[in-house]
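Since the structure comes first, as structure tokens, the remarks are kept for the end.
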Amino acid sequence: MAKEIKTIGVLTSGGDASGMNAAIRAVVRKALSNGVAVKGIKKGYQGLLNEEIVDMDRHSVSEIIQRGGTILGTARCSEFRTEEGQARGAEVCRKYGIDGIVVIGGDGSYRGAQALSKQGINTIGLPGTIDLDIACTDYTIGFDTAINTAMDAIDKIRDTSTSHERCSIVEVMGRNAGYIALWCGVANGAEDILLPEKYDYNEQELINNIIKSRKMGKTHHIIINAEGIGHSTSMARRIEAATGMETRATILGYMQRGGSPSCKDRYYASIMGAYAADILCQGKTNRVVAHANGDFVDYDIDEALAMQKEIPEYQYEISKALAR
């Protein structure tokens, strides 16, 4: 028999992403409509251990769907990676009468949810990360806003790059995953796209591409560089020295995390949040909500964490074919 759920908690963990507030709002309001009380846990797992826990009602989540970031705050928590920290987290949940928690975050956050589930606290994960690097889902909360923010910035950089006949290296976020770089590289018509999963660090090839393009009459060059490769400023100096073409690096950084979420991030996060609240209220645990094959579904967290995700080879080949 499924465990009776009377009170649930909701927290955001890891990096913030636009659309997290829409997910929080949906979790709270759907749970309340199911007759289940909700508590907000501030600053992720660290806030759980510190007992930073507040009651939430419908008014608590008014006027937040359009806001970037997360009203609950987020933090990294090394203590929660330990068995002692996980046991302490479960004790805090029981102390406050929390039967289950919706965790909004990435793979690391899922591992925390997985640990809580083993401690007897029902858990549901929501994919909140701008990197699109969770294998079980085709969509992650915040990705759409991040790529649109980056795309708009790269368009502006292209304008000045064209005016000054420069090579511009634009570094986007993505430490281990190149999805932002790939999408923006195609959408912005970049001449070169450097992905952590694909780049062979053959800088001479970049230099040759620039020289070849200039001989063909092209007066500017855009390189999209993923954060996981980095070193954009030193790369710019080397390229300028080798090609004689003025080269500048721009690191977009944390602007990609913030800002008012796009319509897609608001809508998908809302549906996912409501879905998570529903299955948690039904007594399910150790699940992660995903969007796959055009529908909202859920997977076992163990299964989801075991999945691998790679850059689609066909899409990568298209990005190279369209580049020049």
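Each chain in the structure tokens gets a letter, A, B, ..., in the order shown, and its residues are numbered from 1; ligands are numbered from 1 in order too.
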Who sits within 10 Å of Ala153 of chain A, only C-alpha atoms, same chain under 6 positions skipped, as a list in words
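Non-adjacent residues within range: Ile147, Val170, Asn188, Thr250, Leu252, Met255 and Gln256 of chain A.
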Those selected residues, please, written with C-alpha atoms and delivered as a compact mmCIF listing (two decimals), in the first residue's frame.
# COMPACT_ATOMS: atom_id res chain seq x y z
CA ILE A 147 19.62 29.61 -25.52
CA VAL A 170 31.77 33.77 -27.88
CA ASN A 188 23.35 32.20 -35.01
CA THR A 250 33.29 37.50 -25.13
CA LEU A 252 28.51 35.45 -21.72
CA MET A 255 23.53 36.11 -17.83
CA GLN A 256 22.43 32.83 -19.44
Using only C-alpha atoms, which protein or nucleic acid residues come within 12 Å of Arg214 of chain A? Drop anything in the same chain fewer than 5 positions from it, and give the result as a VMD selection string.
chain A and resid 165 to 167 191 207 to 209 219 to 221 243 to 245 324
Set the distance at 10 Å and use only C-alpha atoms: which residues neighbour Val297 of chain A once local chain neighbours fewer than 4 positions away are removed? I'd like the list as number ranges by chain.
A: 136-137, 272, 275-276, 287-293
Applying 7 Å and only C-alpha atoms, which residues near segment 247-249 of chain A remain after dropping the ones on its own chain fewer than 6 positions away? List them as number ranges by chain.
A: 166-170, 232-233, 236-237, 239-240
Can those selected residues be exported to a file as an mmCIF file, in the first residue's frame so that it contains N, CA and C atoms?
data_model
loop_
_atom_site.group_PDB
_atom_site.id
_atom_site.type_symbol
_atom_site.label_atom_id
_atom_site.label_comp_id
_atom_site.auth_asym_id
_atom_site.auth_seq_id
_atom_site.Cartn_x
_atom_site.Cartn_y
_atom_site.Cartn_z
ATOM 1 N N ARG A 166 36.093 41.562 -37.673
ATOM 2 C CA ARG A 166 36.786 40.803 -36.639
ATOM 3 C C ARG A 166 36.415 39.324 -36.672
ATOM 4 N N CYS A 167 37.235 38.565 -35.971
ATOM 5 C CA CYS A 167 36.859 37.225 -35.528
ATOM 6 C C CYS A 167 36.397 37.365 -34.083
ATOM 7 N N SER A 168 35.233 36.821 -33.778
ATOM 8 C CA SER A 168 34.700 36.882 -32.413
ATOM 9 C C SER A 168 34.527 35.475 -31.863
ATOM 10 N N ILE A 169 35.133 35.236 -30.701
ATOM 11 C CA ILE A 169 34.928 33.980 -29.990
ATOM 12 C C ILE A 169 33.931 34.264 -28.869
ATOM 13 N N VAL A 170 32.801 33.575 -28.892
ATOM 14 C CA VAL A 170 31.768 33.774 -27.877
ATOM 15 C C VAL A 170 31.677 32.506 -27.037
ATOM 16 N N SER A 232 38.927 31.150 -23.781
ATOM 17 C CA SER A 232 38.572 31.921 -24.976
ATOM 18 C C SER A 232 39.497 33.107 -25.198
ATOM 19 N N THR A 233 39.906 33.783 -24.133
ATOM 20 C CA THR A 233 40.750 34.974 -24.272
ATOM 21 C C THR A 233 42.122 34.619 -24.826
ATOM 22 N N ALA A 236 41.834 33.631 -28.421
ATOM 23 C CA ALA A 236 41.694 34.807 -29.293
ATOM 24 C C ALA A 236 43.060 35.407 -29.622
ATOM 25 N N ARG A 237 43.932 35.480 -28.624
ATOM 26 C CA ARG A 237 45.269 36.041 -28.863
ATOM 27 C C ARG A 237 46.059 35.183 -29.860
ATOM 28 N N ILE A 239 44.841 33.118 -32.164
ATOM 29 C CA ILE A 239 44.237 33.185 -33.492
ATOM 30 C C ILE A 239 44.595 34.497 -34.186
ATOM 31 N N GLU A 240 44.568 35.589 -33.435
ATOM 32 C CA GLU A 240 44.940 36.879 -34.024
ATOM 33 C C GLU A 240 46.395 36.873 -34.490
#
A:Asp192, A:Glu52, A:Asp138, A:Asp278: which is nearest Glu310 of chain A, counting only C-alpha atoms?
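Once distances to Glu310 of chain A are computed over only C-alpha atoms, the minimum belongs to A:Asp138.
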Enumerate, as a ChimeraX atom specification, the complete set of residues in segment 33-261 of chain A that a backbone-based DSSP assignment places in helix (DSSP H, G or I).
/A:33,44-49,58-61,78-81,83-95,107-118,143-164,179-187,203-215,232-243,253-256
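In terms of minimum interatomic distance to Asp302 of chain A, A:Ile124 ranks closest within A:Ile180, A:Ala274, A:Cys263, A:Ile124, counting only C-alpha atoms.
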Mind checking which residues fall within 12 Å of segment 72-76 of chain A, counting only C-alpha atoms, ignoring those fewer than 6 positions away in the same chain, and posting them as a PDB file with N, CA and C atoms, in the first residue's frame?
ATOM      1  N   GLY A   9       7.339  18.668   0.696  1.00  0.00           N
ATOM      2  CA  GLY A   9       8.266  19.787   0.621  1.00  0.00           C
ATOM      3  C   GLY A   9       8.691  19.999  -0.819  1.00  0.00           C
ATOM      4  N   VAL A  10       9.233  21.184  -1.107  1.00  0.00           N
ATOM      5  CA  VAL A  10       9.776  21.462  -2.436  1.00  0.00           C
ATOM      6  C   VAL A  10      11.068  22.244  -2.252  1.00  0.00           C
ATOM      7  N   LEU A  11      12.098  21.863  -2.999  1.00  0.00           N
ATOM      8  CA  LEU A  11      13.368  22.587  -2.937  1.00  0.00           C
ATOM      9  C   LEU A  11      13.994  22.669  -4.318  1.00  0.00           C
ATOM     10  N   THR A  12      14.861  23.665  -4.499  1.00  0.00           N
ATOM     11  CA  THR A  12      15.649  23.805  -5.721  1.00  0.00           C
ATOM     12  C   THR A  12      17.112  23.638  -5.347  1.00  0.00           C
ATOM     13  N   SER A  13      17.849  22.914  -6.181  1.00  0.00           N
ATOM     14  CA  SER A  13      19.209  22.553  -5.827  1.00  0.00           C
ATOM     15  C   SER A  13      20.127  22.722  -7.035  1.00  0.00           C
ATOM     16  N   GLY A  14      21.405  22.988  -6.769  1.00  0.00           N
ATOM     17  CA  GLY A  14      22.369  23.152  -7.858  1.00  0.00           C
ATOM     18  C   GLY A  14      22.244  24.515  -8.505  1.00  0.00           C
ATOM     19  N   GLY A  15      22.599  24.601  -9.777  1.00  0.00           N
ATOM     20  CA  GLY A  15      22.519  25.874 -10.490  1.00  0.00           C
ATOM     21  C   GLY A  15      21.092  26.317 -10.708  1.00  0.00           C
ATOM     22  N   ASP A  16      20.854  27.634 -10.605  1.00  0.00           N
ATOM     23  CA  ASP A  16      19.508  28.138 -10.847  1.00  0.00           C
ATOM     24  C   ASP A  16      19.205  28.135 -12.343  1.00  0.00           C
ATOM     25  N   ALA A  17      17.929  28.158 -12.685  1.00  0.00           N
ATOM     26  CA  ALA A  17      17.495  28.156 -14.080  1.00  0.00           C
ATOM     27  C   ALA A  17      16.151  28.847 -14.182  1.00  0.00           C
ATOM     28  N   MET A  20      12.308  27.758 -12.874  1.00  0.00           N
ATOM     29  CA  MET A  20      12.194  27.071 -11.582  1.00  0.00           C
ATOM     30  C   MET A  20      11.035  27.620 -10.764  1.00  0.00           C
ATOM     31  N   ASN A  21      10.820  28.931 -10.829  1.00  0.00           N
ATOM     32  CA  ASN A  21       9.705  29.513 -10.066  1.00  0.00           C
ATOM     33  C   ASN A  21       8.358  29.025 -10.587  1.00  0.00           C
ATOM     34  N   ALA A  22       8.250  28.856 -11.902  1.00  0.00           N
ATOM     35  CA  ALA A  22       7.010  28.309 -12.465  1.00  0.00           C
ATOM     36  C   ALA A  22       6.773  26.897 -11.951  1.00  0.00           C
ATOM     37  N   ALA A  23       7.843  26.116 -11.831  1.00  0.00           N
ATOM     38  CA  ALA A  23       7.722  24.747 -11.309  1.00  0.00           C
ATOM     39  C   ALA A  23       7.320  24.753  -9.835  1.00  0.00           C
ATOM     40  N   ILE A  24       7.955  25.626  -9.037  1.00  0.00           N
ATOM     41  CA  ILE A  24       7.605  25.742  -7.613  1.00  0.00           C
ATOM     42  C   ILE A  24       6.129  26.096  -7.470  1.00  0.00           C
ATOM     43  N   ARG A  25       5.704  27.077  -8.224  1.00  0.00           N
ATOM     44  CA  ARG A  25       4.301  27.532  -8.183  1.00  0.00           C
ATOM     45  C   ARG A  25       3.344  26.384  -8.493  1.00  0.00           C
ATOM     46  N   LYS A  39       5.443  22.624   2.264  1.00  0.00           N
ATOM     47  CA  LYS A  39       6.486  23.408   2.925  1.00  0.00           C
ATOM     48  C   LYS A  39       7.604  23.693   1.930  1.00  0.00           C
ATOM     49  N   GLY A  40       8.075  24.931   1.928  1.00  0.00           N
ATOM     50  CA  GLY A  40       9.199  25.308   1.087  1.00  0.00           C
ATOM     51  C   GLY A  40      10.497  25.136   1.857  1.00  0.00           C
ATOM     52  N   ILE A  41      11.479  24.539   1.209  1.00  0.00           N
ATOM     53  CA  ILE A  41      12.791  24.329   1.826  1.00  0.00           C
ATOM     54  C   ILE A  41      13.772  25.264   1.130  1.00  0.00           C
ATOM     55  N   LYS A  42      14.323  26.205   1.874  1.00  0.00           N
ATOM     56  CA  LYS A  42      15.192  27.215   1.280  1.00  0.00           C
ATOM     57  C   LYS A  42      16.626  26.702   1.121  1.00  0.00           C
ATOM     58  N   LYS A  43      17.295  27.189   0.082  1.00  0.00           N
ATOM     59  CA  LYS A  43      18.728  26.935  -0.156  1.00  0.00           C
ATOM     60  C   LYS A  43      19.059  25.457  -0.307  1.00  0.00           C
ATOM     61  N   GLY A  44      18.183  24.724  -0.978  1.00  0.00           N
ATOM     62  CA  GLY A  44      18.468  23.351  -1.336  1.00  0.00           C
ATOM     63  C   GLY A  44      18.685  22.418  -0.163  1.00  0.00           C
ATOM     64  N   TYR A  45      19.566  21.431  -0.367  1.00  0.00           N
ATOM     65  CA  TYR A  45      19.819  20.448   0.686  1.00  0.00           C
ATOM     66  C   TYR A  45      20.502  21.090   1.889  1.00  0.00           C
ATOM     67  N   GLN A  46      21.266  22.153   1.661  1.00  0.00           N
ATOM     68  CA  GLN A  46      21.890  22.849   2.780  1.00  0.00           C
ATOM     69  C   GLN A  46      20.821  23.452   3.676  1.00  0.00           C
ATOM     70  N   GLY A  47      19.794  24.025   3.069  1.00  0.00           N
ATOM     71  CA  GLY A  47      18.694  24.584   3.838  1.00  0.00           C
ATOM     72  C   GLY A  47      17.894  23.526   4.570  1.00  0.00           C
ATOM     73  N   LEU A  48      17.800  22.332   3.976  1.00  0.00           N
ATOM     74  CA  LEU A  48      17.125  21.230   4.658  1.00  0.00           C
ATOM     75  C   LEU A  48      17.881  20.874   5.937  1.00  0.00           C
ATOM     76  N   LEU A  49      19.196  20.742   5.833  1.00  0.00           N
ATOM     77  CA  LEU A  49      20.001  20.405   7.009  1.00  0.00           C
ATOM     78  C   LEU A  49      19.967  21.519   8.057  1.00  0.00           C
ATOM     79  N   ASN A  50      19.845  22.762   7.584  1.00  0.00           N
ATOM     80  CA  ASN A  50      19.783  23.913   8.503  1.00  0.00           C
ATOM     81  C   ASN A  50      18.365  24.204   8.991  1.00  0.00           C
ATOM     82  N   GLU A  52      15.795  25.347   7.335  1.00  0.00           N
ATOM     83  CA  GLU A  52      15.227  26.588   6.782  1.00  0.00           C
ATOM     84  C   GLU A  52      13.969  26.222   6.007  1.00  0.00           C
ATOM     85  N   ILE A  53      12.910  26.011   6.736  1.00  0.00           N
ATOM     86  CA  ILE A  53      11.680  25.446   6.202  1.00  0.00           C
ATOM     87  C   ILE A  53      10.507  26.367   6.540  1.00  0.00           C
ATOM     88  N   VAL A  54       9.690  26.674   5.519  1.00  0.00           N
ATOM     89  CA  VAL A  54       8.563  27.597   5.705  1.00  0.00           C
ATOM     90  C   VAL A  54       7.287  26.975   5.149  1.00  0.00           C
ATOM     91  N   ASP A  55       6.163  27.330   5.739  1.00  0.00           N
ATOM     92  CA  ASP A  55       4.869  26.912   5.204  1.00  0.00           C
ATOM     93  C   ASP A  55       4.578  27.703   3.925  1.00  0.00           C
ATOM     94  N   MET A  56       3.944  27.043   2.964  1.00  0.00           N
ATOM     95  CA  MET A  56       3.597  27.712   1.709  1.00  0.00           C
ATOM     96  C   MET A  56       2.110  27.552   1.434  1.00  0.00           C
ATOM     97  N   SER A  60       1.819  32.390  -1.407  1.00  0.00           N
ATOM     98  CA  SER A  60       3.289  32.316  -1.369  1.00  0.00           C
ATOM     99  C   SER A  60       3.908  32.294  -2.760  1.00  0.00           C
ATOM    100  N   VAL A  61       3.143  31.805  -3.735  1.00  0.00           N
ATOM    101  CA  VAL A  61       3.688  31.667  -5.091  1.00  0.00           C
ATOM    102  C   VAL A  61       2.988  32.584  -6.093  1.00  0.00           C
ATOM    103  N   ILE A  64       5.143  35.050  -9.269  1.00  0.00           N
ATOM    104  CA  ILE A  64       6.518  34.574  -9.409  1.00  0.00           C
ATOM    105  C   ILE A  64       6.776  33.881 -10.744  1.00  0.00           C
ATOM    106  N   VAL A 103      12.210  17.639  -5.755  1.00  0.00           N
ATOM    107  CA  VAL A 103      13.549  18.214  -5.902  1.00  0.00           C
ATOM    108  C   VAL A 103      13.712  18.704  -7.333  1.00  0.00           C
ATOM    109  N   ILE A 104      13.983  20.003  -7.488  1.00  0.00           N
ATOM    110  CA  ILE A 104      14.156  20.597  -8.813  1.00  0.00           C
ATOM    111  C   ILE A 104      15.642  20.882  -9.018  1.00  0.00           C
ATOM    112  N   GLY A 105      16.264  20.185  -9.976  1.00  0.00           N
ATOM    113  CA  GLY A 105      17.689  20.357 -10.201  1.00  0.00           C
ATOM    114  C   GLY A 105      18.201  19.370 -11.237  1.00  0.00           C
ATOM    115  N   GLY A 106      19.512  19.147 -11.241  1.00  0.00           N
ATOM    116  CA  GLY A 106      20.136  18.260 -12.208  1.00  0.00           C
ATOM    117  C   GLY A 106      20.491  16.905 -11.632  1.00  0.00           C
ATOM    118  N   GLY A 108      23.060  15.770  -9.993  1.00  0.00           N
ATOM    119  CA  GLY A 108      23.528  15.772  -8.614  1.00  0.00           C
ATOM    120  C   GLY A 108      22.383  15.881  -7.627  1.00  0.00           C
ATOM    121  N   SER A 109      21.397  16.693  -7.978  1.00  0.00           N
ATOM    122  CA  SER A 109      20.205  16.844  -7.134  1.00  0.00           C
ATOM    123  C   SER A 109      19.412  15.538  -7.097  1.00  0.00           C
ATOM    124  N   GLY A 112      20.762  13.173  -4.568  1.00  0.00           N
ATOM    125  CA  GLY A 112      20.287  13.503  -3.235  1.00  0.00           C
ATOM    126  C   GLY A 112      18.874  13.001  -3.006  1.00  0.00           C
ATOM    127  N   GLY A 128      15.809  20.506 -13.662  1.00  0.00           N
ATOM    128  CA  GLY A 128      16.057  21.949 -13.663  1.00  0.00           C
ATOM    129  C   GLY A 128      17.512  22.242 -13.940  1.00  0.00           C
TER     130      GLY A 128
END
Could you tell me how far atom CA of Tyr110 of chain A sits from atom CA of Cys93 of chain A, in Å to one decimal place?
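Separation between atom CA of Cys93 of chain A and atom CA of Tyr110 of chain A: 17.0 Å.
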Atom pair atom CA of Met216 of chain A / atom CA of Ala150 of chain A: separation (Å)
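Answer for the atom CA of Met216 of chain A to atom CA of Ala150 of chain A separation: 28.3 Å.
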Enter the distance from atom CA of Arg67 of chain A to atom CA of Tyr179 of chain A, in Å, rounded to one decimal.
23.8 Å
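When the distance limit is 12 Å and only C-alpha atoms are what count, the residues near Lys95 of chain A, minus those fewer than 2 positions from it on the same chain, are A:Thr7, A:Leu48, A:Leu49, A:Glu51, A:Ile53, A:Arg88, A:Gly89, A:Ala90, A:Glu91, A:Val92, A:Cys93, A:Gly97, A:Ile98, A:Asp99, A:Ile121.
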As a PyMOL selection string, which residues of segment 96-282 of chain A does DSSP assign to strand (DSSP E)?
chain A and resi 100-105+122-127+167-172+192-194+221-226+247-251
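Ranking A:Asp57, A:Asp155, A:Glu4, A:Glu171 by their shortest atom-to-atom distance to Met235 of chain A, with only C-alpha atoms included, puts A:Glu171 first.
Residue nearest Thr285 of chain A within the list A:Gly258, A:Gly35, A:Gly125, A:Gly69: A:Gly125 [criterion: smallest interatomic distance, only C-alpha atoms].
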At a cut-off of 7 Å, using only C-alpha atoms, what residues contact Ala37 of chain A? Leave out same-chain residues fewer than 5 positions from it and give the result as a CSV table (one decimal) with N, CA and C atoms, in the first residue's frame.
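Now in selection-v1.csv:
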chain,number,residue,atom,x,y,z
A,6,LYS,N,0.6,13.5,3.5
A,6,LYS,CA,-0.2,14.6,4.1
A,6,LYS,C,0.5,16.0,3.9
A,7,THR,N,1.8,15.9,3.9
A,7,THR,CA,2.6,17.2,3.7
A,7,THR,C,3.8,16.9,2.8
A,8,ILE,N,4.0,17.8,1.8
A,8,ILE,CA,5.2,17.6,0.9
A,8,ILE,C,6.1,18.8,1.0
A,31,ALA,N,-0.5,20.6,-5.3
A,31,ALA,CA,-0.6,19.8,-4.1
A,31,ALA,C,-1.7,20.3,-3.2
A,32,LEU,N,-1.8,21.7,-3.1
A,32,LEU,CA,-2.9,22.2,-2.2
A,32,LEU,C,-4.3,21.9,-2.8
Shortest interatomic distance to Arg266 of chain A - which of A:Gly142, A:Pro127, A:Gly85, A:Gly178, counting only C-alpha atoms
A:Gly142
Select, from A:Gly19, A:Asp107, A:Ser62, A:Gln119, the residue with the minimum atom-to-atom distance to Glu83 of chain A, counting only C-alpha atoms.
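Closest to Glu83 of chain A of all the choices is A:Gln119.
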